[in-house]
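J.: Quick one, upload35.cif (mmCIF, C-alpha atoms; chains and numbers go by the auth columns):
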data_structure
loop_
_atom_site.group_PDB
_atom_site.id
_atom_site.type_symbol
_atom_site.label_atom_id
_atom_site.label_comp_id
_atom_site.label_asym_id
_atom_site.label_seq_id
_atom_site.Cartn_x
_atom_site.Cartn_y
_atom_site.Cartn_z
_atom_site.B_iso_or_equiv
_atom_site.auth_seq_id
_atom_site.auth_asym_id
ATOM 1 C CA MET A 1 -14.530 -28.658 -7.155 0.00 1 A
ATOM 2 C CA LYS A 2 -12.202 -26.791 -4.802 0.00 2 A
ATOM 3 C CA THR A 3 -10.671 -23.520 -5.906 0.00 3 A
ATOM 4 C CA ILE A 4 -7.761 -21.514 -4.508 0.00 4 A
ATOM 5 C CA HIS A 5 -10.376 -19.462 -2.628 0.00 5 A
ATOM 6 C CA ASP A 6 -11.274 -22.531 -0.549 0.00 6 A
ATOM 7 C CA LYS A 7 -7.679 -23.048 0.567 0.00 7 A
ATOM 8 C CA ARG A 8 -7.091 -20.467 3.295 0.00 8 A
ATOM 9 C CA GLY A 9 -3.710 -21.912 4.306 0.00 9 A
ATOM 10 C CA ALA A 10 -2.420 -21.748 0.738 0.00 10 A
ATOM 11 C CA GLN A 11 -3.645 -18.173 0.442 0.00 11 A
ATOM 12 C CA LEU A 12 -1.879 -17.164 3.648 0.00 12 A
ATOM 13 C CA LEU A 13 1.354 -18.862 2.566 0.00 13 A
ATOM 14 C CA LEU A 14 1.170 -17.196 -0.855 0.00 14 A
ATOM 15 C CA GLY A 15 0.551 -13.836 0.836 0.00 15 A
ATOM 16 C CA LEU A 16 3.537 -14.340 3.125 0.00 16 A
ATOM 17 C CA LEU A 17 5.794 -15.302 0.210 0.00 17 A
ATOM 18 C CA MET A 18 4.610 -12.313 -1.842 0.00 18 A
ATOM 19 C CA GLY A 19 5.228 -10.029 1.157 0.00 19 A
ATOM 20 C CA ILE A 20 8.752 -11.362 1.555 0.00 20 A
ATOM 21 C CA ALA A 21 9.370 -10.891 -2.178 0.00 21 A
ATOM 22 C CA PHE A 22 8.015 -7.333 -2.015 0.00 22 A
ATOM 23 C CA GLY A 23 10.218 -6.574 0.996 0.00 23 A
ATOM 24 C CA PHE A 24 13.231 -7.950 -0.846 0.00 24 A
ATOM 25 C CA LEU A 25 12.414 -5.747 -3.843 0.00 25 A
ATOM 26 C CA LEU A 26 12.013 -2.709 -1.567 0.00 26 A
ATOM 27 C CA HIS A 27 15.465 -3.466 -0.193 0.00 27 A
ATOM 28 C CA ARG A 28 16.980 -3.975 -3.655 0.00 28 A
ATOM 29 C CA GLY A 29 15.329 -0.762 -4.844 0.00 29 A
ATOM 30 C CA GLY A 30 17.025 1.131 -2.024 0.00 30 A
ATOM 31 C CA VAL A 31 13.835 2.357 -0.374 0.00 31 A
ATOM 32 C CA THR A 32 14.579 0.809 3.009 0.00 32 A
ATOM 33 C CA LYS A 33 17.435 3.284 3.473 0.00 33 A
ATOM 34 C CA TYR A 34 16.641 6.157 5.801 0.00 34 A
ATOM 35 C CA GLU A 35 18.548 8.637 3.608 0.00 35 A
ATOM 36 C CA VAL A 36 16.482 7.722 0.534 0.00 36 A
ATOM 37 C CA LEU A 37 13.203 8.080 2.438 0.00 37 A
ATOM 38 C CA ILE A 38 14.195 11.452 3.889 0.00 38 A
ATOM 39 C CA GLY A 39 15.291 12.511 0.399 0.00 39 A
ATOM 40 C CA GLN A 40 11.779 11.672 -0.784 0.00 40 A
ATOM 41 C CA LEU A 41 10.165 13.705 1.995 0.00 41 A
ATOM 42 C CA LEU A 42 12.421 16.633 1.070 0.00 42 A
ATOM 43 C CA LEU A 43 11.545 16.168 -2.649 0.00 43 A
ATOM 44 C CA GLU A 44 15.212 15.579 -3.480 0.00 44 A
ATOM 45 C CA ASP A 45 15.179 11.831 -4.261 0.00 45 A
ATOM 46 C CA PHE A 46 12.259 10.244 -6.122 0.00 46 A
ATOM 47 C CA THR A 47 13.362 6.626 -5.769 0.00 47 A
ATOM 48 C CA VAL A 48 10.453 5.826 -3.435 0.00 48 A
ATOM 49 C CA VAL A 49 7.853 7.290 -5.814 0.00 49 A
ATOM 50 C CA LYS A 50 9.362 5.385 -8.734 0.00 50 A
ATOM 51 C CA VAL A 51 9.341 2.066 -6.880 0.00 51 A
ATOM 52 C CA MET A 52 5.814 2.538 -5.523 0.00 52 A
ATOM 53 C CA LEU A 53 4.322 3.708 -8.823 0.00 53 A
ATOM 54 C CA THR A 54 5.909 0.710 -10.545 0.00 54 A
ATOM 55 C CA ALA A 55 4.395 -1.570 -7.875 0.00 55 A
ATOM 56 C CA VAL A 56 0.978 0.065 -8.365 0.00 56 A
ATOM 57 C CA MET A 57 1.117 -0.456 -12.132 0.00 57 A
ATOM 58 C CA VAL A 58 2.248 -4.076 -11.872 0.00 58 A
ATOM 59 C CA GLY A 59 -0.358 -4.718 -9.167 0.00 59 A
ATOM 60 C CA MET A 60 -3.219 -3.160 -11.132 0.00 60 A
ATOM 61 C CA VAL A 61 -2.477 -5.167 -14.252 0.00 61 A
ATOM 62 C CA GLY A 62 -1.585 -8.355 -12.352 0.00 62 A
ATOM 63 C CA VAL A 63 -4.715 -8.391 -10.194 0.00 63 A
ATOM 64 C CA GLN A 64 -6.954 -7.749 -13.192 0.00 64 A
ATOM 65 C CA VAL A 65 -5.288 -10.517 -15.211 0.00 65 A
ATOM 66 C CA LEU A 66 -5.802 -12.888 -12.259 0.00 66 A
ATOM 67 C CA ARG A 67 -9.453 -11.781 -12.045 0.00 67 A
ATOM 68 C CA ASP A 68 -9.947 -12.338 -15.773 0.00 68 A
ATOM 69 C CA LEU A 69 -8.491 -15.842 -15.405 0.00 69 A
ATOM 70 C CA GLY A 70 -10.830 -16.550 -12.477 0.00 70 A
ATOM 71 C CA LEU A 71 -7.918 -16.903 -10.049 0.00 71 A
ATOM 72 C CA ALA A 72 -8.745 -13.875 -7.883 0.00 72 A
ATOM 73 C CA THR A 73 -11.725 -11.899 -6.681 0.00 73 A
ATOM 74 C CA LEU A 74 -11.832 -8.402 -5.249 0.00 74 A
ATOM 75 C CA HIS A 75 -13.167 -7.738 -1.780 0.00 75 A
ATOM 76 C CA PRO A 76 -13.154 -3.936 -1.564 0.00 76 A
ATOM 77 C CA LYS A 77 -13.614 -2.369 1.835 0.00 77 A
ATOM 78 C CA SER A 78 -15.787 0.662 2.324 0.00 78 A
ATOM 79 C CA GLY A 79 -14.104 3.969 2.920 0.00 79 A
ATOM 80 C CA SER A 80 -15.206 7.396 4.069 0.00 80 A
ATOM 81 C CA PRO A 81 -13.822 10.917 4.243 0.00 81 A
ATOM 82 C CA GLY A 82 -13.352 10.521 8.015 0.00 82 A
ATOM 83 C CA ALA A 83 -11.355 7.310 7.673 0.00 83 A
ATOM 84 C CA THR A 84 -9.326 8.637 4.742 0.00 84 A
ATOM 85 C CA ILE A 85 -8.432 11.933 6.411 0.00 85 A
ATOM 86 C CA THR A 86 -7.733 10.331 9.806 0.00 86 A
ATOM 87 C CA GLY A 87 -5.594 7.567 8.284 0.00 87 A
ATOM 88 C CA GLY A 88 -3.745 10.029 6.062 0.00 88 A
ATOM 89 C CA LEU A 89 -2.950 12.301 8.987 0.00 89 A
ATOM 90 C CA ILE A 90 -1.727 9.450 11.177 0.00 90 A
ATOM 91 C CA PHE A 91 0.345 7.992 8.338 0.00 91 A
ATOM 92 C CA GLY A 92 1.787 11.371 7.342 0.00 92 A
ATOM 93 C CA VAL A 93 2.740 12.448 10.848 0.00 93 A
ATOM 94 C CA ALA A 94 4.260 9.051 11.666 0.00 94 A
ATOM 95 C CA PHE A 95 6.183 8.935 8.363 0.00 95 A
ATOM 96 C CA GLY A 96 7.464 12.465 8.928 0.00 96 A
ATOM 97 C CA LEU A 97 8.557 11.734 12.501 0.00 97 A
ATOM 98 C CA LEU A 98 10.026 8.301 11.917 0.00 98 A
ATOM 99 C CA GLY A 99 11.237 8.578 8.341 0.00 99 A
ATOM 100 C CA TYR A 100 9.759 5.175 7.468 0.00 100 A
ATOM 101 C CA CYS A 101 6.383 3.944 6.295 0.00 101 A
ATOM 102 C CA PRO A 102 5.213 0.516 7.552 0.00 102 A
ATOM 103 C CA GLY A 103 6.619 -1.457 4.613 0.00 103 A
ATOM 104 C CA THR A 104 9.975 0.266 4.514 0.00 104 A
ATOM 105 C CA ALA A 105 10.274 0.079 8.323 0.00 105 A
ATOM 106 C CA LEU A 106 9.771 -3.682 8.201 0.00 106 A
ATOM 107 C CA GLY A 107 12.282 -3.988 5.359 0.00 107 A
ATOM 108 C CA ALA A 108 14.817 -1.827 7.224 0.00 108 A
ATOM 109 C CA ALA A 109 14.278 -3.842 10.420 0.00 109 A
ATOM 110 C CA ALA A 110 14.848 -7.056 8.443 0.00 110 A
ATOM 111 C CA GLN A 111 18.257 -5.737 7.413 0.00 111 A
ATOM 112 C CA GLY A 112 19.052 -4.892 11.056 0.00 112 A
ATOM 113 C CA THR A 113 18.480 -1.129 11.178 0.00 113 A
ATOM 114 C CA LEU A 114 17.960 -0.214 14.837 0.00 114 A
ATOM 115 C CA ASP A 115 15.800 2.885 14.326 0.00 115 A
ATOM 116 C CA ALA A 116 13.385 0.805 12.243 0.00 116 A
ATOM 117 C CA PHE A 117 12.907 -1.552 15.215 0.00 117 A
ATOM 118 C CA VAL A 118 12.028 1.469 17.351 0.00 118 A
ATOM 119 C CA GLY A 119 9.580 2.563 14.651 0.00 119 A
ATOM 120 C CA LEU A 120 7.984 -0.884 14.465 0.00 120 A
ATOM 121 C CA THR A 121 7.528 -0.821 18.238 0.00 121 A
ATOM 122 C CA GLY A 122 5.767 2.531 17.895 0.00 122 A
ATOM 123 C CA MET A 123 3.593 1.154 15.101 0.00 123 A
ATOM 124 C CA LEU A 124 2.562 -1.819 17.228 0.00 124 A
ATOM 125 C CA LEU A 125 1.717 0.499 20.123 0.00 125 A
ATOM 126 C CA GLY A 126 -0.265 2.691 17.735 0.00 126 A
ATOM 127 C CA ILE A 127 -2.169 -0.329 16.430 0.00 127 A
ATOM 128 C CA GLY A 128 -3.008 -1.331 19.997 0.00 128 A
ATOM 129 C CA LEU A 129 -4.137 2.194 20.879 0.00 129 A
ATOM 130 C CA PHE A 130 -6.295 2.341 17.751 0.00 130 A
ATOM 131 C CA ALA A 131 -7.877 -1.013 18.652 0.00 131 A
ATOM 132 C CA LEU A 132 -8.638 0.262 22.167 0.00 132 A
ATOM 133 C CA LEU A 133 -10.194 3.488 20.860 0.00 133 A
ATOM 134 C CA TYR A 134 -11.936 1.986 17.832 0.00 134 A
ATOM 135 C CA THR A 135 -15.462 1.926 19.297 0.00 135 A
ATOM 136 C CA ARG A 136 -15.167 5.660 20.054 0.00 136 A
ATOM 137 C CA LEU A 137 -13.657 6.424 16.648 0.00 137 A
ATOM 138 C CA ALA A 138 -16.031 4.254 14.578 0.00 138 A
ATOM 139 C CA PRO A 139 -18.756 6.928 14.201 0.00 139 A
ATOM 140 C CA ILE A 140 -16.187 9.386 12.797 0.00 140 A
ATOM 141 C CA LEU A 141 -14.443 6.819 10.624 0.00 141 A
ATOM 142 C CA SER A 142 -17.616 5.474 9.014 0.00 142 A
ATOM 143 C CA LYS A 143 -19.472 8.761 8.513 0.00 143 A
ATOM 144 C CA ARG A 144 -20.549 9.277 4.885 0.00 144 A
ATOM 145 C CA SER A 145 -19.275 5.875 3.751 0.00 145 A
ATOM 146 C CA PHE A 146 -18.312 5.503 0.097 0.00 146 A
ATOM 147 C CA GLY A 147 -19.541 1.913 0.180 0.00 147 A
ATOM 148 C CA GLU A 148 -17.784 -1.166 -1.126 0.00 148 A
ATOM 149 C CA ILE A 149 -17.326 0.052 -4.675 0.00 149 A
ATOM 150 C CA THR A 150 -14.415 0.194 -7.086 0.00 150 A
ATOM 151 C CA LEU A 151 -13.676 3.021 -9.511 0.00 151 A
ATOM 152 C CA PRO A 152 -14.752 0.984 -12.588 0.00 152 A
ATOM 153 C CA GLU A 153 -18.047 0.160 -10.836 0.00 153 A
ATOM 154 C CA LEU A 154 -18.550 3.823 -9.974 0.00 154 A
ATOM 155 C CA LEU A 155 -17.873 4.811 -13.583 0.00 155 A
ATOM 156 C CA ARG A 156 -19.929 1.845 -14.880 0.00 156 A
ATOM 157 C CA THR A 157 -17.152 0.699 -17.156 0.00 157 A
ATOM 158 C CA SER A 158 -14.731 -2.158 -17.687 0.00 158 A
ATOM 159 C CA PRO A 159 -11.797 -2.362 -15.268 0.00 159 A
ATOM 160 C CA TRP A 160 -9.457 -2.212 -18.263 0.00 160 A
ATOM 161 C CA ALA A 161 -11.022 1.119 -19.287 0.00 161 A
ATOM 162 C CA VAL A 162 -9.660 2.518 -16.013 0.00 162 A
ATOM 163 C CA ILE A 163 -6.430 0.499 -15.784 0.00 163 A
ATOM 164 C CA ILE A 164 -5.035 1.236 -19.252 0.00 164 A
ATOM 165 C CA PRO A 165 -5.280 5.053 -19.060 0.00 165 A
ATOM 166 C CA PHE A 166 -4.102 5.043 -15.439 0.00 166 A
ATOM 167 C CA VAL A 167 -1.067 2.859 -16.193 0.00 167 A
ATOM 168 C CA THR A 168 -0.299 5.040 -19.231 0.00 168 A
ATOM 169 C CA LEU A 169 -0.473 8.167 -17.062 0.00 169 A
ATOM 170 C CA LEU A 170 1.747 6.607 -14.387 0.00 170 A
ATOM 171 C CA ALA A 171 4.256 5.416 -17.001 0.00 171 A
ATOM 172 C CA GLY A 172 4.412 8.968 -18.362 0.00 172 A
ATOM 173 C CA LEU A 173 4.955 10.310 -14.843 0.00 173 A
ATOM 174 C CA LEU A 174 7.753 7.789 -14.282 0.00 174 A
ATOM 175 C CA TYR A 175 9.368 8.798 -17.556 0.00 175 A
ATOM 176 C CA TRP A 176 9.170 12.463 -16.556 0.00 176 A
ATOM 177 C CA LEU A 177 10.682 11.722 -13.137 0.00 177 A
ATOM 178 C CA GLU A 178 13.612 10.015 -14.876 0.00 178 A
ATOM 179 C CA THR A 179 14.339 13.210 -16.801 0.00 179 A
ATOM 180 C CA LEU A 180 14.640 15.335 -13.632 0.00 180 A
#
Translate the structure of the given file into structure tokens.

T.:
Amino acid sequence: MKTIHDKRGAQLLLGLLMGIAFGFLLHRGGVTKYEVLIGQLLLEDFTVVKVMLTAVMVGMVGVQVLRDLGLATLHPKSGSPGATITGGLIFGVAFGLLGYCPGTALGAAAQGTLDAFVGLTGMLLGIGLFALLYTRLAPILSKRSFGEITLPELLRTSPWAVIIPFVTLLAGLLYWLETL
């Protein structure tokens, strides 16, 4: 019996459609606007945090429901302090310089914003440079690997025992942000 996991083309199409929907929602939420993103970096406008935290909550619950129904499986990738710190620094510096993260840059480019196209060009060049340097960076990036483990596995508990308190905490944070 074939499952959705055996249908790579369907998975790719579904991923593309979900990406387009997410981009549309980023646009509708106003987070593809340069002014909103800069407002976030200056801690003056929390629209980006609100949209992203909402996406995290919906994603956490949605993925776990799909897993419980047997419609999805997790394939966690291993991480390490080197990869996390390096990626965070690259992301932070690029976001600070450009004023867009990858998702918002793509959304802004889709609505015709010229500076986002420049940013996407820089991102593509950065991806190419990373690919060229990867063999030299691999020892740093993989040092002290966390392994392919999820937080519920690390805590030896049910995924819902992590999701429910986390979603509750995030919902409280969102409520607090609305009162500012």

J.: Please write the residues picked by the PyMOL selection byres ((chain A and resi 18-24) around 12) on this file as number ranges by chain.

T.: A: 11-17, 25-32, 51-52, 54-55, 58-59, 102-111

J.: Would you compute the distance between CA of Met123 (chain A) and CA of Ile149 (chain A)? Give it in Å to one decimal.

T.: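 If I compute the distance from CA of Met123 (chain A) to CA of Ile149 (chain A), I get 28.8 Å.
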
J.: Please write the residues picked by the PyMOL selection byres ((chain A and resi 180) around 12) on this file as a list in words.

T.: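 Expected selection for the PyMOL selection byres ((chain A and resi 180) around 12) here is Leu43, Glu44, Asp45, Phe46, Thr47, Leu173, Leu174, Tyr175, Trp176, Leu177, Glu178 and Thr179 of chain A.
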
J.: Tell me, in Å to one decimal, how far CA of Gly112 (chain A) is from CA of Val56 (chain A).

T.: 27.0 Å

J.: Just to confirm, what's the straight-line distance from CA of Ala116 (chain A) to CA of Lys33 (chain A) in Å (one decimal)?

T.: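 The value is 10.0 Å.
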
J.: Name the closest residue to Val48 (chain A) among the candidates A:Leu169, A:Cys101, A:Ile85, A:Ile140; distances are taken between atoms, counting only C-alpha atoms.

T.: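 Using only C-alpha atoms, Val48 (chain A) sits closest to A:Cys101.
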
J.: Which is closest to Arg67 (chain A) among A:Ile38, A:Pro139, A:Pro159, A:Phe130, if we use all atoms listed in the file?

T.: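 Among the listed residues, the smallest separation from Arg67 (chain A) belongs to A:Pro159.
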
J.: Quick one: what's the axis-aligned box for region 58-77 of chain A, all listed atoms, 4 Å on every side, centre and edges in Å to one decimal, as AutoDock Vina command-line options?

T.:
--center_x -5.7 --center_y -9.6 --center_z -7.0 --size_x 23.9 --size_y 22.5 --size_z 25.6

J.: Residues within 9 Å of Glu148 (chain A), please, as a count of residues only. Count all atoms listed in the file; anything in the same chain fewer than 2 positions from it doesn't count.

T.: 8

J.: Find, counting all atoms listed in the file, the residue in A:Phe117, A:Ile163, A:Gly87, A:Gly62 that gets nearest to Leu141 (chain A).

T.: A:Gly87

J.: Could you check the closest approach to Gly96 (chain A) for each of A:Trp160, A:Phe166, A:Tyr34, A:Tyr134 and tell me which residue wins, using all atoms listed in the file?

T.: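 Using all atoms listed in the file, Gly96 (chain A) sits closest to A:Tyr34.
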
J.: When distances are computed from all atoms listed in the file, which of A:Ile127, A:Ser158, A:Thr135, A:Val36 shows the smallest separation from Phe91 (chain A)?

T.: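 Counting all atoms listed in the file, the residue closest to Phe91 (chain A) is A:Ile127.
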
J.: When distances are computed from all atoms listed in the file, which of A:Gly88, A:Pro152, A:Gly122, A:Gly82 shows the smallest separation from Gln64 (chain A)?

T.: A:Pro152

J.: Quick one: region 104-127 of chain A with N, CA and C atoms, as a tab-separated table (two decimals), keeping the file's coordinate frame?

T.:
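Below you can see result_13.tsv, which holds the result:
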chain	number	residue	atom	x	y	z
A	104	THR	N	8.54	0.00	4.51
A	104	THR	CA	9.98	0.27	4.51
A	104	THR	C	10.57	0.07	5.91
A	105	ALA	N	9.79	0.33	6.96
A	105	ALA	CA	10.27	0.08	8.32
A	105	ALA	C	10.52	-1.41	8.53
A	106	LEU	N	9.60	-2.24	8.06
A	106	LEU	CA	9.77	-3.68	8.20
A	106	LEU	C	10.98	-4.16	7.40
A	107	GLY	N	11.12	-3.63	6.18
A	107	GLY	CA	12.28	-3.99	5.36
A	107	GLY	C	13.58	-3.54	6.00
A	108	ALA	N	13.61	-2.33	6.56
A	108	ALA	CA	14.82	-1.83	7.22
A	108	ALA	C	15.12	-2.64	8.48
A	109	ALA	N	14.07	-3.01	9.23
A	109	ALA	CA	14.28	-3.84	10.42
A	109	ALA	C	14.84	-5.21	10.02
A	110	ALA	N	14.37	-5.75	8.91
A	110	ALA	CA	14.85	-7.06	8.44
A	110	ALA	C	16.33	-7.01	8.08
A	111	GLN	N	16.82	-5.84	7.71
A	111	GLN	CA	18.26	-5.74	7.41
A	111	GLN	C	19.05	-5.28	8.63
A	112	GLY	N	18.36	-5.16	9.80
A	112	GLY	CA	19.05	-4.89	11.06
A	112	GLY	C	19.17	-3.44	11.46
A	113	THR	N	18.41	-2.55	10.85
A	113	THR	CA	18.48	-1.13	11.18
A	113	THR	C	17.76	-0.87	12.50
A	114	LEU	N	18.49	-0.38	13.48
A	114	LEU	CA	17.96	-0.21	14.84
A	114	LEU	C	16.79	0.77	14.91
A	115	ASP	N	16.89	1.92	14.23
A	115	ASP	CA	15.80	2.88	14.33
A	115	ASP	C	14.50	2.34	13.74
A	116	ALA	N	14.59	1.42	12.80
A	116	ALA	CA	13.38	0.80	12.24
A	116	ALA	C	12.70	-0.08	13.29
A	117	PHE	N	13.49	-0.75	14.13
A	117	PHE	CA	12.91	-1.55	15.22
A	117	PHE	C	12.14	-0.66	16.18
A	118	VAL	N	12.72	0.50	16.49
A	118	VAL	CA	12.03	1.47	17.35
A	118	VAL	C	10.72	1.89	16.69
A	119	GLY	N	10.78	2.17	15.39
A	119	GLY	CA	9.58	2.56	14.65
A	119	GLY	C	8.52	1.48	14.64
A	120	LEU	N	8.94	0.23	14.45
A	120	LEU	CA	7.98	-0.88	14.46
A	120	LEU	C	7.33	-1.03	15.84
A	121	THR	N	8.09	-0.79	16.88
A	121	THR	CA	7.53	-0.82	18.24
A	121	THR	C	6.45	0.25	18.37
A	122	GLY	N	6.75	1.45	17.88
A	122	GLY	CA	5.77	2.53	17.90
A	122	GLY	C	4.53	2.19	17.08
A	123	MET	N	4.74	1.55	15.93
A	123	MET	CA	3.59	1.15	15.10
A	123	MET	C	2.72	0.15	15.83
A	124	LEU	N	3.34	-0.82	16.48
A	124	LEU	CA	2.56	-1.82	17.23
A	124	LEU	C	1.79	-1.17	18.38
A	125	LEU	N	2.42	-0.22	19.06
A	125	LEU	CA	1.72	0.50	20.12
A	125	LEU	C	0.56	1.31	19.54
A	126	GLY	N	0.79	1.94	18.41
A	126	GLY	CA	-0.26	2.69	17.74
A	126	GLY	C	-1.43	1.81	17.30
A	127	ILE	N	-1.12	0.63	16.81
A	127	ILE	CA	-2.17	-0.33	16.43
A	127	ILE	C	-2.99	-0.71	17.66
